[in-house]
Every structure is written in structure tokens, then in C-alpha cells.
$ cat entry33.cif   # mmCIF, C-alpha atoms
data_model
#
loop_
_atom_site.group_PDB
_atom_site.id
_atom_site.type_symbol
_atom_site.label_atom_id
_atom_site.label_comp_id
_atom_site.auth_asym_id
_atom_site.auth_seq_id
_atom_site.Cartn_x
_atom_site.Cartn_y
_atom_site.Cartn_z
ATOM 1 C CA MET K 520 2.803 -0.907 17.291
ATOM 2 C CA PRO K 521 4.042 -1.328 13.703
ATOM 3 C CA VAL K 522 2.070 -3.750 11.586
ATOM 4 C CA SER K 523 3.358 -5.057 8.271
ATOM 5 C CA TYR K 524 0.653 -5.480 5.684
ATOM 6 C CA ASP K 525 0.446 -6.266 1.990
ATOM 7 C CA PHE K 526 -1.471 -3.129 0.993
ATOM 8 C CA ASP K 527 -1.936 -4.035 -2.655
ATOM 9 C CA TRP K 528 -4.539 -6.542 -1.418
ATOM 10 C CA SER K 529 -6.359 -3.897 0.610
ATOM 11 C CA GLY K 530 -9.564 -2.107 -0.271
ATOM 12 C CA ILE K 531 -7.913 1.295 -0.323
ATOM 13 C CA VAL K 532 -5.508 0.267 -3.088
ATOM 14 C CA ASN K 533 -8.050 -2.032 -4.803
ATOM 15 C CA THR K 534 -5.835 -3.684 -7.402
ATOM 16 C CA ARG K 535 -7.476 -5.638 -10.220
ATOM 17 C CA TYR K 536 -5.959 -8.901 -8.995
ATOM 18 C CA ALA K 537 -6.962 -8.534 -5.325
ATOM 19 C CA ILE K 538 -9.557 -11.090 -4.320
ATOM 20 C CA PRO K 539 -10.877 -11.600 -0.790
ATOM 21 C CA ASN K 540 -10.056 -14.656 1.251
ATOM 22 C CA PRO K 541 -12.992 -17.076 0.741
ATOM 23 C CA LYS K 542 -13.086 -17.689 4.506
ATOM 24 C CA LEU K 543 -14.256 -14.095 5.004
ATOM 25 C CA HIS K 544 -17.450 -14.546 2.945
ATOM 26 C CA ILE K 545 -17.144 -11.137 1.267
ATOM 27 C CA ARG K 546 -17.350 -10.339 -2.449
ATOM 28 C CA SER K 547 -14.692 -7.639 -2.746
ATOM 29 C CA VAL K 548 -11.581 -6.444 -0.924
ATOM 30 C CA ARG K 549 -13.375 -3.097 -0.640
ATOM 31 C CA GLN K 550 -16.109 -4.664 1.476
ATOM 32 C CA ARG K 551 -15.266 -3.755 5.050
ATOM 33 C CA ILE K 552 -14.946 -6.412 7.714
ATOM 34 C CA TYR K 553 -13.353 -6.062 11.135
ATOM 35 C CA GLN K 554 -11.003 -8.981 11.718
ATOM 36 C CA GLY K 555 -9.489 -7.880 15.003
ATOM 37 C CA PHE K 556 -9.676 -9.707 18.286
ATOM 38 C CA CYS K 557 -12.119 -8.839 21.062
ATOM 39 C CA TRP K 558 -9.859 -6.870 23.407
ATOM 40 C CA GLU K 559 -10.790 -5.154 26.617
ATOM 41 C CA ALA K 560 -10.257 -1.784 24.981
ATOM 42 C CA ASP K 561 -11.870 1.606 24.807
ATOM 43 C CA TYR K 562 -12.960 1.405 21.196
ATOM 44 C CA GLN K 563 -14.798 4.715 21.409
ATOM 45 C CA ALA K 564 -11.517 6.442 22.319
ATOM 46 C CA LEU K 565 -9.832 4.701 19.407
ATOM 47 C CA PHE K 566 -12.516 5.920 16.993
ATOM 48 C CA ARG K 567 -12.217 9.458 18.384
ATOM 49 C CA ARG K 568 -8.467 9.320 17.785
ATOM 50 C CA PHE K 569 -8.981 8.378 14.139
ATOM 51 C CA ILE K 570 -11.555 11.162 13.745
ATOM 52 C CA ALA K 571 -9.160 13.678 15.305
ATOM 53 C CA HIS K 572 -6.637 12.874 12.557
ATOM 54 C CA GLU K 573 -9.078 12.641 9.665
ATOM 55 C CA ALA K 574 -7.726 15.681 7.821
ATOM 56 C CA GLU K 575 -4.119 14.471 8.007
ATOM 57 C CA ILE K 576 -5.051 10.946 6.892
ATOM 58 C CA LEU K 577 -7.055 12.224 3.941
ATOM 59 C CA ALA K 578 -4.233 14.607 3.009
ATOM 60 C CA VAL K 579 -1.811 11.686 2.636
ATOM 61 C CA TRP K 580 -3.929 10.406 -0.249
ATOM 62 C CA ARG K 581 -5.070 13.750 -1.656
ATOM 63 C CA ASP K 582 -1.456 14.913 -1.896
ATOM 64 C CA ALA K 583 0.147 11.646 -3.109
ATOM 65 C CA PRO K 584 2.047 12.832 -6.201
ATOM 66 C CA LEU K 585 2.926 9.338 -7.449
ATOM 67 C CA VAL K 586 -0.672 8.090 -7.430
ATOM 68 C CA GLU K 587 -2.798 8.889 -10.470
ATOM 69 C CA GLU K 588 -5.695 11.250 -9.809
ATOM 70 C CA LYS K 589 -8.446 8.674 -10.417
ATOM 71 C CA ARG K 590 -6.905 6.266 -7.860
ATOM 72 C CA ARG K 591 -6.380 9.104 -5.353
ATOM 73 C CA LYS K 592 -10.053 10.054 -5.636
ATOM 74 C CA LYS K 593 -11.204 6.466 -5.103
ATOM 75 C CA ALA K 594 -8.906 6.087 -2.091
ATOM 76 C CA VAL K 595 -10.164 9.339 -0.569
ATOM 77 C CA ASP K 596 -13.791 8.288 -1.154
ATOM 78 C CA TYR K 597 -13.059 4.946 0.529
ATOM 79 C CA LEU K 598 -11.488 6.697 3.525
ATOM 80 C CA GLU K 599 -14.300 9.247 3.771
ATOM 81 C CA ASP K 600 -16.755 6.345 3.966
ATOM 82 C CA PHE K 601 -14.682 4.898 6.826
ATOM 83 C CA PHE K 602 -14.868 8.194 8.713
ATOM 84 C CA LYS K 603 -18.636 8.398 8.174
ATOM 85 C CA ARG K 604 -18.986 4.900 9.613
ATOM 86 C CA ILE K 605 -16.933 5.573 12.722
ATOM 87 C CA SER K 606 -18.706 8.891 13.301
ATOM 88 C CA ASP K 607 -22.039 7.090 13.678
ATOM 89 C CA ARG K 608 -22.520 5.375 17.060
ATOM 90 C CA GLY K 609 -24.679 2.536 15.713
ATOM 91 C CA ARG K 610 -22.229 1.754 12.942
ATOM 92 C CA ARG K 611 -19.296 1.859 15.388
ATOM 93 C CA GLU K 612 -21.021 -0.707 17.585
ATOM 94 C CA ARG K 613 -21.593 -3.019 14.606
ATOM 95 C CA ILE K 614 -17.884 -2.808 13.760
ATOM 96 C CA VAL K 615 -16.843 -3.856 17.257
ATOM 97 C CA ARG K 616 -19.426 -6.668 17.389
ATOM 98 C CA GLY K 617 -17.562 -8.294 14.515
ATOM 99 C CA CYS K 618 -14.481 -8.996 16.618
ATOM 100 C CA ARG K 619 -12.976 -12.475 16.876
ATOM 101 C CA GLU K 620 -12.614 -14.301 20.157
ATOM 102 C CA ILE K 621 -9.050 -14.492 21.430
ATOM 103 C CA PRO K 622 -7.780 -18.072 21.138
ATOM 104 C CA ARG K 623 -7.167 -19.687 24.519
ATOM 105 C CA GLU K 624 -4.199 -21.979 24.908
#

$ encode --input "entry33.cif" --output "C-alpha cells"
Amino acid sequence: MPVSYDFDWSGIVNTRYAIPNPKLHIRSVRQRIYQGFCWEADYQALFRRFIAHEAEILAVWRDAPLVEEKRRKKAVDYLEDFFKRISDRGRRERIVRGCREIPRE
């Protein structure tokens, strides 16, 4: 499912002007917080799918010719941290526990 997103406000891009939404109670856009809904989903399968494509995802940033080297390195470091987190069972469970309840109408 395609998702439009303003990536210059994301942690991976980390622009100087990006500030987190005060409602999230985080200090930086690079601070990770799961904002998804609590779905009846196989999150472990989802994490495995990300891990299976780690090399390709990292290559997108490592090989980005229009991004200066310093920014590429920071983006790759940020992504590598993500992959470390989802490779650890305890950390994966903490991510999922942060889900938001689905609003009932």
C-alpha cells in the first residue's frame, strides 16, 4: 500500500528545521516511536521481511549519488540501528507494545 509522507521531517533525513510533534513527547525526530495502530497482524513476519531486504534498503542510501557523503553515512547508521532493534526479540516486542488503539466509531 503506498503511503505519502513528508520525509524531510523524518529521522532518516534529519533536517535542521525538523522538530517533533509535541504530542509525541520526544526530543528529536530521530527518536524512534511506533505510531501505528494495533492490528491483528503477524509482526514477527513483518520484521523478518524487513531483515530479508536489509542489504537492498541500505544500498539505496549507500549508493545515493545526490546525497552528500556525511548525510549518507548518518542515514545508513540510522537504518542499521533500526535493523539491530528489529533483530532483537525483546526490542521488537517493545516496538509493537507502543501501538495505538484503533478508534471505534

$ atom_distance --input "entry33.cif" --atom1 "atom CA of K:Pro622" --atom2 "atom CA of K:Val548"
25.2 Å

$ residues_around --input "entry33.cif" --residues "stretch 601-617 of chain K" --least-positions-apart "3" --cutoff "7 Å" --atoms "all atoms listed in the file" --output "compact mmCIF listing (two decimals) with C-alpha atoms, in the frame of the given file"
# COMPACT_ATOMS: atom_id res chain seq x y z
CA TYR K 553 -13.35 -6.06 11.14
CA PHE K 566 -12.52 5.92 16.99
CA ILE K 570 -11.56 11.16 13.74
CA TYR K 597 -13.06 4.95 0.53
CA LEU K 598 -11.49 6.70 3.52

$ atom_distance --input "entry33.cif" --atom1 "atom CA of K:Glu599" --atom2 "atom CA of K:Cys618"
22.3 Å

$ atom_distance --input "entry33.cif" --atom1 "atom CA of K:Asp600" --atom2 "atom CA of K:Glu575"
15.6 Å

$ resolve_selection --input "entry33.cif" --expression "the PyMOL selection byres ((chain K and resi 620) around 9)" --output "PDB file with C-alpha atoms, in the coordinates of the input"
ATOM      1  CA  GLY K 555      -9.489  -7.880  15.003  1.00  0.00           C
ATOM      2  CA  PHE K 556      -9.676  -9.707  18.286  1.00  0.00           C
ATOM      3  CA  CYS K 557     -12.119  -8.839  21.062  1.00  0.00           C
ATOM      4  CA  TRP K 558      -9.859  -6.870  23.407  1.00  0.00           C
ATOM      5  CA  CYS K 618     -14.481  -8.996  16.618  1.00  0.00           C
ATOM      6  CA  ARG K 619     -12.976 -12.475  16.876  1.00  0.00           C
ATOM      7  CA  ILE K 621      -9.050 -14.492  21.430  1.00  0.00           C
ATOM      8  CA  PRO K 622      -7.780 -18.072  21.138  1.00  0.00           C
ATOM      9  CA  ARG K 623      -7.167 -19.687  24.519  1.00  0.00           C
TER      10      ARG K 623
END
